[in-house]
Amino acid sequence: MSTPLPDPSRTVACLAIPSLAFQCELAERPGLLGSPVVLSDVARARVVKATLEARRDGVRVGMTLRDAVARSPLLTILEPRPALVARYAESMVEAMAGVSPLVEESETGIVFADLRGTEALYPGIEDVRSAVFSGVSPQLQPQLGVAGHRLTAYLAALRARPSTVVHVPEAEAATFLAQEPVRHLPLPPEDIERLHLLGIDTCGQFAGLPRSAVEAQFGFAGGIAWLAARGEDPCPVRPKPWERERVIEHVQAEPPLVSREAILHGLEQMLGRALRHPRARNRFVRLVRLRAETERGDLWEHDQVLREPLGDRGRLWTLVRSLVEYAELPGPFSFITLELSGLTKESGRQQSLFSEQTRRQEQLDEMVRHLKVRFGESPVARVVDVEPWHRLPERRYALLEYDP
Amino acid sequence: MRSPARSSATSLRPIGLPRALVVREDGYAMPLAVARTDARGRRGPESCVESIEEQWRLAEAWWRDAPQRRTYYRVVLEGGRPLTLYRDDVTGAWYEQPYTESPDSSPHGRSGARR
């Protein structure tokens with residue numbers, strides 16, 4: 001069986017959901033389809049996005065919510081929930097990771113994948129489309145673009161109708177891009193403004209200029225943008241494979257955790273479990289990411305890139321604890337995720353030879369592990385304070401499985 | 001191609017969860033007699049309430065979808081055995097639950113009537 005030849009016109013795929021925050025909310029509330037709905041900004045003051053029905057009533061983006069309700073009395077106002085958006089954005093990355101190992105999330109709602117080498121797995125563009133869309137809810141109205149270069153694939157995705165793919169063959173890339181506005185070019189906003197002042201509004205006009213003149217005005221970035229406008233964008237997909245190599249632990253709290261002590265107890269447990277996972281064993285961690293969702297859907301996130309990779313539980317715990325102890329938490333947490341990523345290659349660790357306490361602890365941990373295998377769950381638990389001041393007795397203390 | 005990411009969950013198990021009780025009430029929803037049920041839901045022998053020592057109400061999380069409204073009773077059963085039970089004012093169900101003052105609450109913080 002012969003291997004299909006690489007096709008230069010299907011090197012890059014771009015999955016786009018242009019207004020992801022809005023689509024997430026609509027996907028969560030399908031009953032709102034066909035009714036006037038707007039998404040407010042974080043300050044709950046202005047309209048960020050409006051459905052066609054709302055726009056028909058005269059609602060416009062940027063309008064205050066009070067004006068919007070005055071124009072459309074049946075208007076439904078949705079508040080942004082960053083935690084929900086982050087979850088859906090992650091599902092987009094996972095969907096693209098199902099097609100190619102080289103995936104880049106350039107911004108929320110825009111994910112690129114390098115398709116080189118996948119010709120045998122997905123011979124046709126339709127195969128790519130079904131593979132990608134099988135991992136994304138159709139209610140999000142995902143759009144897919146496939147082309148030979150990054151900018152072309154991105155604009156193809158923006159031009160695709162919901163749940164469809166636009167494929168731009170290599171020979172047609174320049175023509176396809178000719179009418180696209182210059183604001184999509186990889187140039188800083190002030191350079192885009194200068195282009196408009198010079199009367200250059202489309203990629204076709206920009207690509208028609210001599211490259212030397214563009215580079216003289218806009219430098220190296222101008223040359224890159226010039227190539228991109230001609231359908232020859234040299235910027236590759238920039239995956240971060242070391243970030244994808246990760247271990248994730250999470251805790252779901254019902255009722256939500258209020259006290260910092262309870263959050264720390266949960267995190268300590270999660271850290272132990274994460275470090276025991278075969279993928280993390282004898283490997284060091286480069287990035288620690290804490291993510292928590294509040295009851296209202298607000299997202300609290302903290303990334304800590306380590307100056308030197310750590311594999312020691314005690315040192316990692318010191319770091320994680322300090323992240324929570326000194327943080328300003330937005331409210332009670334209903335869902336907490338601990339992610340250890342950027343795992344290094346395996347490496348040895350020098351164990352202490354003389355510490356009696358360490359040896360005893362290891363023996364105890366080993367016994368509990370045996371008991372866990374025997375009974376299916378750890379028979380040892382520890383009582384942790386959740387909200388000791390709470391008036392409902394069942395909300396004061398909880399058992400946290402001792403899971404060494 | 002599968003994602004290399006891995007996820008697993010940990011959860012906290014609350015201590016002091018209420019246990020369902022079968023309670024015979026009077027016309028004012030006060031307990032007259034109580035009976036415990038076993039794990040299979042079989043009802044045990046009934047014990048009459050000799051006196052109600054204390055009664056107080058709790059309303060929690062009224063702003064959430066599932067608010068908690070309870071009326072607690074500290075009673076003495078026949079034979080002198082004490083019991084703390086409550087009536088869920090949302091569903092009307094009865095539960096047994098040991099209740100101690102939370103460490104931070106005032107000893108005079110309760111509202112409600114004594115009988």
# chains A, B, ... in the order shown; residues from 1 in each chain; ligands from 1

$ residues_around --residues "region 84-101 of chain A" --least-positions-apart "2" --cutoff "8 Å" --atoms "only C-alpha atoms" --output "PDB file with C-alpha atoms, in the first residue's frame"
ATOM      1  CA  LEU A  15     -10.764  25.529  14.099  1.00  0.00           C
ATOM      2  CA  LEU A  20     -16.900  31.419  21.923  1.00  0.00           C
ATOM      3  CA  ALA A  21     -18.182  33.035  25.132  1.00  0.00           C
ATOM      4  CA  CYS A  24     -20.970  28.531  25.116  1.00  0.00           C
ATOM      5  CA  ARG A  81     -18.707  32.726  32.720  1.00  0.00           C
ATOM      6  CA  PRO A  82     -14.964  32.469  32.127  1.00  0.00           C
ATOM      7  CA  VAL A 103      -1.719  21.812  18.062  1.00  0.00           C
ATOM      8  CA  GLU A 104      -1.539  25.480  18.976  1.00  0.00           C
ATOM      9  CA  GLU A 105      -4.217  27.525  20.691  1.00  0.00           C
ATOM     10  CA  THR A 108      -9.406  31.534  23.025  1.00  0.00           C
ATOM     11  CA  GLY A 109     -11.639  30.047  20.354  1.00  0.00           C
ATOM     12  CA  VAL A 111      -6.923  26.533  17.447  1.00  0.00           C
ATOM     13  CA  PHE A 112      -4.434  25.556  14.759  1.00  0.00           C
ATOM     14  CA  ALA A 113      -3.231  22.057  13.887  1.00  0.00           C
ATOM     15  CA  ASP A 114      -0.347  21.009  11.678  1.00  0.00           C
ATOM     16  CA  LEU A 115      -1.779  18.406   9.307  1.00  0.00           C
ATOM     17  CA  THR A 118      -1.889  12.851   8.428  1.00  0.00           C
ATOM     18  CA  VAL A 128     -10.532  15.966   8.515  1.00  0.00           C
ATOM     19  CA  ALA A 131     -12.688  13.961  12.736  1.00  0.00           C
ATOM     20  CA  VAL A 132     -12.440  17.491  14.131  1.00  0.00           C
ATOM     21  CA  PHE A 133     -16.168  18.107  14.482  1.00  0.00           C
ATOM     22  CA  SER A 134     -16.725  14.776  16.207  1.00  0.00           C
ATOM     23  CA  GLY A 135     -15.003  16.304  19.230  1.00  0.00           C
ATOM     24  CA  VAL A 136     -16.869  19.631  19.281  1.00  0.00           C
ATOM     25  CA  PRO A 241       4.202  19.576  23.271  1.00  0.00           C
ATOM     26  CA  GLY A 297     -18.833  30.403  36.988  1.00  0.00           C
TER      27      GLY A 297
ATOM     28  CA  MET B   1      -4.718   9.968  18.550  1.00  0.00           C
ATOM     29  CA  ARG B   2      -5.474  10.424  22.199  1.00  0.00           C
ATOM     30  CA  SER B   3      -4.591  13.362  24.311  1.00  0.00           C
TER      31      SER B   3
END

$ interface_residues --of "chain A" --to "chain B" --cutoff "9 Å" --atoms "only C-alpha atoms" --output "PyMOL selection string"
chain A and resi 94+97-101+244-254+266+269-270+273-274+339+383-384+386+388-401

$ write_last_selection --atoms "C-alpha atoms" --output "tab-separated table (two decimals), in the first residue's frame"
chain	number	residue	atom	x	y	z
A	94	GLU	CA	-8.71	18.27	22.52
A	97	ALA	CA	-5.37	17.04	19.22
A	98	GLY	CA	-7.44	14.09	18.04
A	99	VAL	CA	-6.35	14.85	14.48
A	100	SER	CA	-2.77	15.96	14.93
A	101	PRO	CA	-0.29	15.96	17.80
A	244	ARG	CA	0.49	18.77	26.69
A	245	GLU	CA	2.48	16.18	28.59
A	246	ARG	CA	0.71	16.62	31.87
A	247	VAL	CA	-1.17	15.14	34.76
A	248	ILE	CA	-4.43	16.68	35.90
A	249	GLU	CA	-6.22	16.14	39.18
A	250	HIS	CA	-9.44	17.77	40.21
A	251	VAL	CA	-11.78	17.98	43.14
A	252	GLN	CA	-15.46	18.76	42.95
A	253	ALA	CA	-16.86	20.35	46.07
A	254	GLU	CA	-20.53	20.37	46.93
A	266	GLY	CA	-7.86	19.16	48.84
A	269	GLN	CA	-4.31	15.33	48.33
A	270	MET	CA	-4.37	16.12	44.62
A	273	ARG	CA	-2.03	11.68	43.61
A	274	ALA	CA	-0.62	13.59	40.66
A	339	GLU	CA	-2.28	20.47	36.65
A	383	VAL	CA	-10.88	14.65	59.23
A	384	VAL	CA	-10.46	18.10	57.72
A	386	VAL	CA	-14.36	22.54	55.86
A	388	PRO	CA	-16.19	24.69	61.23
A	389	TRP	CA	-18.29	27.76	61.92
A	390	HIS	CA	-21.15	26.63	59.69
A	391	ARG	CA	-24.59	26.27	61.21
A	392	LEU	CA	-25.39	23.05	59.32
A	393	PRO	CA	-23.45	20.25	61.03
A	394	GLU	CA	-22.73	18.33	57.82
A	395	ARG	CA	-20.97	21.35	56.36
A	396	ARG	CA	-18.39	21.68	59.15
A	397	TYR	CA	-16.06	18.72	58.74
A	398	ALA	CA	-15.33	16.16	56.06
A	399	LEU	CA	-13.34	13.01	55.55
A	400	LEU	CA	-10.51	13.22	53.08
A	401	GLU	CA	-9.27	9.83	51.95

$ atom_distance --atom1 "CA of Ser19 (chain A)" --atom2 "CA of Leu338 (chain A)"
27.5 Å

$ residues_around --residues "Arg87 (chain B)" --least-positions-apart "5" --cutoff "8 Å" --atoms "only C-alpha atoms" --output "PyMOL selection string"
chain B and resi 70-72+92-95

$ write_last_selection --atoms "C-alpha atoms" --output "CSV table (one decimal), in the first residue's frame"
chain,number,residue,atom,x,y,z
B,70,ARG,CA,-35.0,23.3,58.9
B,71,THR,CA,-36.7,23.2,62.2
B,72,TYR,CA,-34.6,21.4,64.8
B,92,GLY,CA,-41.5,18.0,55.0
B,93,ALA,CA,-39.2,15.0,55.7
B,94,TRP,CA,-37.7,14.2,59.1
B,95,TYR,CA,-34.1,13.5,59.9

$ atom_distance --atom1 "CA of Leu209 (chain A)" --atom2 "CA of Val237 (chain A)"
26.5 Å

$ select_by_dssp --residues "region 105-269 of chain A" --states "strand (DSSP E or B)" --output "mmCIF file with C-alpha atoms, in the first residue's frame"
data_model
loop_
_atom_site.group_PDB
_atom_site.id
_atom_site.type_symbol
_atom_site.label_atom_id
_atom_site.label_comp_id
_atom_site.auth_asym_id
_atom_site.auth_seq_id
_atom_site.Cartn_x
_atom_site.Cartn_y
_atom_site.Cartn_z
ATOM 1 C CA GLU A 105 -4.217 27.525 20.691
ATOM 2 C CA SER A 106 -3.370 30.999 19.431
ATOM 3 C CA GLU A 107 -6.218 32.649 21.335
ATOM 4 C CA ILE A 110 -8.914 29.774 17.688
ATOM 5 C CA VAL A 111 -6.923 26.533 17.447
ATOM 6 C CA PHE A 112 -4.434 25.556 14.759
ATOM 7 C CA ALA A 113 -3.231 22.057 13.887
ATOM 8 C CA ASP A 114 -0.347 21.009 11.678
ATOM 9 C CA GLN A 143 -15.967 26.560 11.689
ATOM 10 C CA LEU A 144 -12.994 24.879 10.061
ATOM 11 C CA GLY A 145 -10.487 26.187 7.541
ATOM 12 C CA VAL A 146 -7.832 24.120 5.778
ATOM 13 C CA ALA A 147 -5.074 25.609 3.650
ATOM 14 C CA VAL A 165 -15.078 23.457 6.277
ATOM 15 C CA VAL A 166 -13.549 25.804 3.718
ATOM 16 C CA HIS A 167 -10.539 24.422 1.909
ATOM 17 C CA PRO A 181 -9.218 43.328 5.189
ATOM 18 C CA THR A 202 -7.251 44.805 1.581
ATOM 19 C CA ARG A 246 0.706 16.620 31.866
ATOM 20 C CA VAL A 247 -1.170 15.138 34.761
ATOM 21 C CA ILE A 248 -4.426 16.676 35.900
ATOM 22 C CA GLU A 249 -6.218 16.138 39.183
ATOM 23 C CA HIS A 250 -9.439 17.771 40.209
ATOM 24 C CA VAL A 251 -11.785 17.981 43.138
ATOM 25 C CA GLN A 252 -15.459 18.761 42.953
ATOM 26 C CA ALA A 253 -16.857 20.348 46.071
ATOM 27 C CA GLU A 254 -20.529 20.366 46.927
ATOM 28 C CA PRO A 255 -21.135 22.491 48.900
ATOM 29 C CA PRO A 256 -18.432 24.838 47.578
ATOM 30 C CA LEU A 257 -15.299 25.236 49.652
#

$ closest_residue --among "A:His149, A:Asp298, A:Gln23, A:Trp226" --to "Ala213 (chain A)" --atoms "only C-alpha atoms"
A:Trp226

$ atom_distance --atom1 "CA of Glu50 (chain B)" --atom2 "CA of Val75 (chain B)"
7.5 Å

$ residues_around --residues "region 27-43 of chain A" --least-positions-apart "5" --cutoff "10 Å" --atoms "only C-alpha atoms" --output "VMD selection string"
chain A and resid 21 to 22 48 to 57 59 to 65 68 to 69 72 to 82 84 137 to 141 298

$ write_last_selection --atoms "N, CA and C atoms" --output "short mmCIF file (atom, residue, chain, number, x, y, z; two decimals), in the first residue's frame"
data_model
loop_
_atom_site.label_atom_id
_atom_site.label_comp_id
_atom_site.auth_asym_id
_atom_site.auth_seq_id
_atom_site.Cartn_x
_atom_site.Cartn_y
_atom_site.Cartn_z
N ALA A 21 -17.47 32.79 23.87
CA ALA A 21 -18.18 33.04 25.13
C ALA A 21 -19.70 33.02 24.92
N PHE A 22 -20.13 33.60 23.82
CA PHE A 22 -21.56 33.67 23.52
C PHE A 22 -22.09 32.30 23.14
N VAL A 48 -21.89 42.93 24.63
CA VAL A 48 -20.69 42.50 23.93
C VAL A 48 -21.06 41.77 22.65
N LYS A 49 -22.15 41.04 22.70
CA LYS A 49 -22.58 40.26 21.55
C LYS A 49 -24.09 40.14 21.58
N ALA A 50 -24.72 40.14 20.40
CA ALA A 50 -26.18 40.05 20.35
C ALA A 50 -26.60 39.08 19.27
N THR A 51 -27.70 38.38 19.50
CA THR A 51 -28.21 37.48 18.46
C THR A 51 -28.91 38.31 17.38
N LEU A 52 -29.19 37.64 16.27
CA LEU A 52 -29.86 38.32 15.16
C LEU A 52 -31.19 38.91 15.61
N GLU A 53 -31.91 38.14 16.43
CA GLU A 53 -33.23 38.60 16.90
C GLU A 53 -33.08 39.88 17.74
N ALA A 54 -32.05 39.94 18.56
CA ALA A 54 -31.82 41.14 19.37
C ALA A 54 -31.44 42.31 18.47
N ARG A 55 -30.62 42.04 17.47
CA ARG A 55 -30.21 43.13 16.56
C ARG A 55 -31.40 43.66 15.77
N ARG A 56 -32.33 42.75 15.46
CA ARG A 56 -33.54 43.19 14.75
C ARG A 56 -34.35 44.17 15.60
N ASP A 57 -34.28 44.00 16.92
CA ASP A 57 -35.00 44.91 17.82
C ASP A 57 -34.25 46.23 18.02
N VAL A 59 -30.93 46.36 19.10
CA VAL A 59 -29.84 46.25 20.07
C VAL A 59 -28.52 46.21 19.30
N ARG A 60 -27.55 46.96 19.79
CA ARG A 60 -26.25 47.02 19.13
C ARG A 60 -25.14 46.71 20.13
N VAL A 61 -24.04 46.19 19.61
CA VAL A 61 -22.87 45.91 20.45
C VAL A 61 -22.30 47.23 20.96
N GLY A 62 -21.98 47.27 22.26
CA GLY A 62 -21.45 48.49 22.86
C GLY A 62 -22.50 49.29 23.59
N MET A 63 -23.76 48.97 23.34
CA MET A 63 -24.88 49.68 23.98
C MET A 63 -24.94 49.30 25.48
N THR A 64 -25.43 50.21 26.32
CA THR A 64 -25.59 49.82 27.73
C THR A 64 -26.75 48.84 27.83
N LEU A 65 -26.71 48.03 28.88
CA LEU A 65 -27.76 47.02 29.04
C LEU A 65 -29.12 47.67 29.24
N ALA A 68 -30.43 48.54 25.94
CA ALA A 68 -30.78 47.33 25.20
C ALA A 68 -32.13 46.79 25.65
N VAL A 69 -32.37 46.78 26.96
CA VAL A 69 -33.65 46.27 27.47
C VAL A 69 -34.79 47.20 27.05
N SER A 72 -35.53 46.20 23.50
CA SER A 72 -36.01 44.83 23.32
C SER A 72 -36.50 44.30 24.68
N PRO A 73 -37.78 44.52 25.00
CA PRO A 73 -38.27 44.19 26.35
C PRO A 73 -38.14 42.70 26.69
N LEU A 74 -38.17 41.83 25.68
CA LEU A 74 -38.08 40.40 25.97
C LEU A 74 -36.64 39.90 25.97
N LEU A 75 -35.72 40.83 26.03
CA LEU A 75 -34.30 40.48 25.92
C LEU A 75 -33.83 39.61 27.10
N THR A 76 -33.05 38.58 26.77
CA THR A 76 -32.39 37.79 27.81
C THR A 76 -30.93 38.21 27.87
N ILE A 77 -30.48 38.55 29.06
CA ILE A 77 -29.09 39.00 29.22
C ILE A 77 -28.28 37.88 29.86
N LEU A 78 -27.23 37.47 29.21
CA LEU A 78 -26.36 36.43 29.73
C LEU A 78 -25.07 37.07 30.24
N GLU A 79 -24.63 36.58 31.36
CA GLU A 79 -23.36 37.08 31.92
C GLU A 79 -22.23 36.13 31.53
N PRO A 80 -21.06 36.66 31.24
CA PRO A 80 -19.97 35.76 30.84
C PRO A 80 -19.53 34.90 32.01
N ARG A 81 -19.22 33.65 31.70
CA ARG A 81 -18.71 32.73 32.72
C ARG A 81 -17.37 32.20 32.24
N PRO A 82 -16.29 32.85 32.65
CA PRO A 82 -14.96 32.47 32.13
C PRO A 82 -14.63 30.99 32.33
N LEU A 84 -16.63 28.47 32.21
CA LEU A 84 -17.32 27.69 31.17
C LEU A 84 -16.58 27.84 29.84
N SER A 137 -19.05 20.16 20.15
CA SER A 137 -20.51 20.19 20.10
C SER A 137 -20.97 21.05 18.92
N PRO A 138 -21.89 20.52 18.08
CA PRO A 138 -22.35 21.32 16.94
C PRO A 138 -23.09 22.58 17.38
N GLN A 139 -23.59 22.58 18.63
CA GLN A 139 -24.29 23.78 19.12
C GLN A 139 -23.35 24.97 19.25
N LEU A 140 -22.05 24.70 19.30
CA LEU A 140 -21.08 25.80 19.39
C LEU A 140 -20.84 26.46 18.03
N GLN A 141 -21.39 25.85 16.98
CA GLN A 141 -21.24 26.35 15.61
C GLN A 141 -19.76 26.51 15.23
N ASP A 298 -17.24 32.05 37.80
CA ASP A 298 -16.01 32.84 37.67
C ASP A 298 -14.82 31.90 37.73
#

$ residues_around --residues "Arg81 (chain B)" --least-positions-apart "3" --cutoff "10 Å" --atoms "only C-alpha atoms" --output "number ranges by chain"
B: 47, 49-50, 75-78

$ write_last_selection --atoms "N, CA and C atoms" --output "short mmCIF file (atom, residue, chain, number, x, y, z; two decimals), in the first residue's frame"
data_model
loop_
_atom_site.label_atom_id
_atom_site.label_comp_id
_atom_site.auth_asym_id
_atom_site.auth_seq_id
_atom_site.Cartn_x
_atom_site.Cartn_y
_atom_site.Cartn_z
N SER B 47 -40.76 5.05 69.18
CA SER B 47 -40.56 5.58 70.53
C SER B 47 -41.31 6.90 70.65
N VAL B 49 -42.27 10.59 72.02
CA VAL B 49 -41.53 11.77 72.50
C VAL B 49 -42.15 12.19 73.82
N GLU B 50 -41.33 12.21 74.86
CA GLU B 50 -41.84 12.59 76.17
C GLU B 50 -41.88 14.10 76.32
N VAL B 75 -35.22 16.56 71.70
CA VAL B 75 -36.33 15.94 72.42
C VAL B 75 -35.80 14.87 73.39
N VAL B 76 -36.66 14.49 74.30
CA VAL B 76 -36.37 13.35 75.18
C VAL B 76 -37.41 12.28 74.86
N LEU B 77 -36.91 11.09 74.52
CA LEU B 77 -37.82 10.00 74.18
C LEU B 77 -38.20 9.24 75.43
N GLU B 78 -39.18 8.38 75.30
CA GLU B 78 -39.60 7.58 76.45
C GLU B 78 -38.40 6.77 76.94
#

$ residues_around --residues "Trp300 (chain A)" --least-positions-apart "6" --cutoff "10 Å" --atoms "only C-alpha atoms" --output "list in words"
Pro82, Ala83, Leu290, Arg291, Ala292, Glu293, Thr294, Ala327, Glu328, Leu329, Pro330, Gly331, Phe333 and Ile336 of chain A

$ write_last_selection --atoms "C-alpha atoms" --output "PDB file, in the first residue's frame"
ATOM      1  CA  PRO A  82     -14.964  32.469  32.127  1.00  0.00           C
ATOM      2  CA  ALA A  83     -14.806  29.000  33.682  1.00  0.00           C
ATOM      3  CA  LEU A 290      -4.110  25.916  39.569  1.00  0.00           C
ATOM      4  CA  ARG A 291      -7.575  26.548  38.252  1.00  0.00           C
ATOM      5  CA  ALA A 292     -10.732  26.949  40.286  1.00  0.00           C
ATOM      6  CA  GLU A 293     -14.312  27.698  39.439  1.00  0.00           C
ATOM      7  CA  THR A 294     -16.679  29.540  41.697  1.00  0.00           C
ATOM      8  CA  ALA A 327      -4.009  34.724  46.652  1.00  0.00           C
ATOM      9  CA  GLU A 328      -7.134  36.825  46.627  1.00  0.00           C
ATOM     10  CA  LEU A 329      -9.819  34.222  46.041  1.00  0.00           C
ATOM     11  CA  PRO A 330     -12.935  35.368  44.156  1.00  0.00           C
ATOM     12  CA  GLY A 331     -15.435  33.287  46.155  1.00  0.00           C
ATOM     13  CA  PHE A 333     -14.809  27.162  44.979  1.00  0.00           C
ATOM     14  CA  ILE A 336     -10.568  22.891  41.673  1.00  0.00           C
TER      15      ILE A 336
END

$ residues_around --residues "Gly231 (chain A)" --least-positions-apart "3" --cutoff "6 Å" --atoms "only C-alpha atoms" --output "number ranges by chain"
A: 173-174, 228
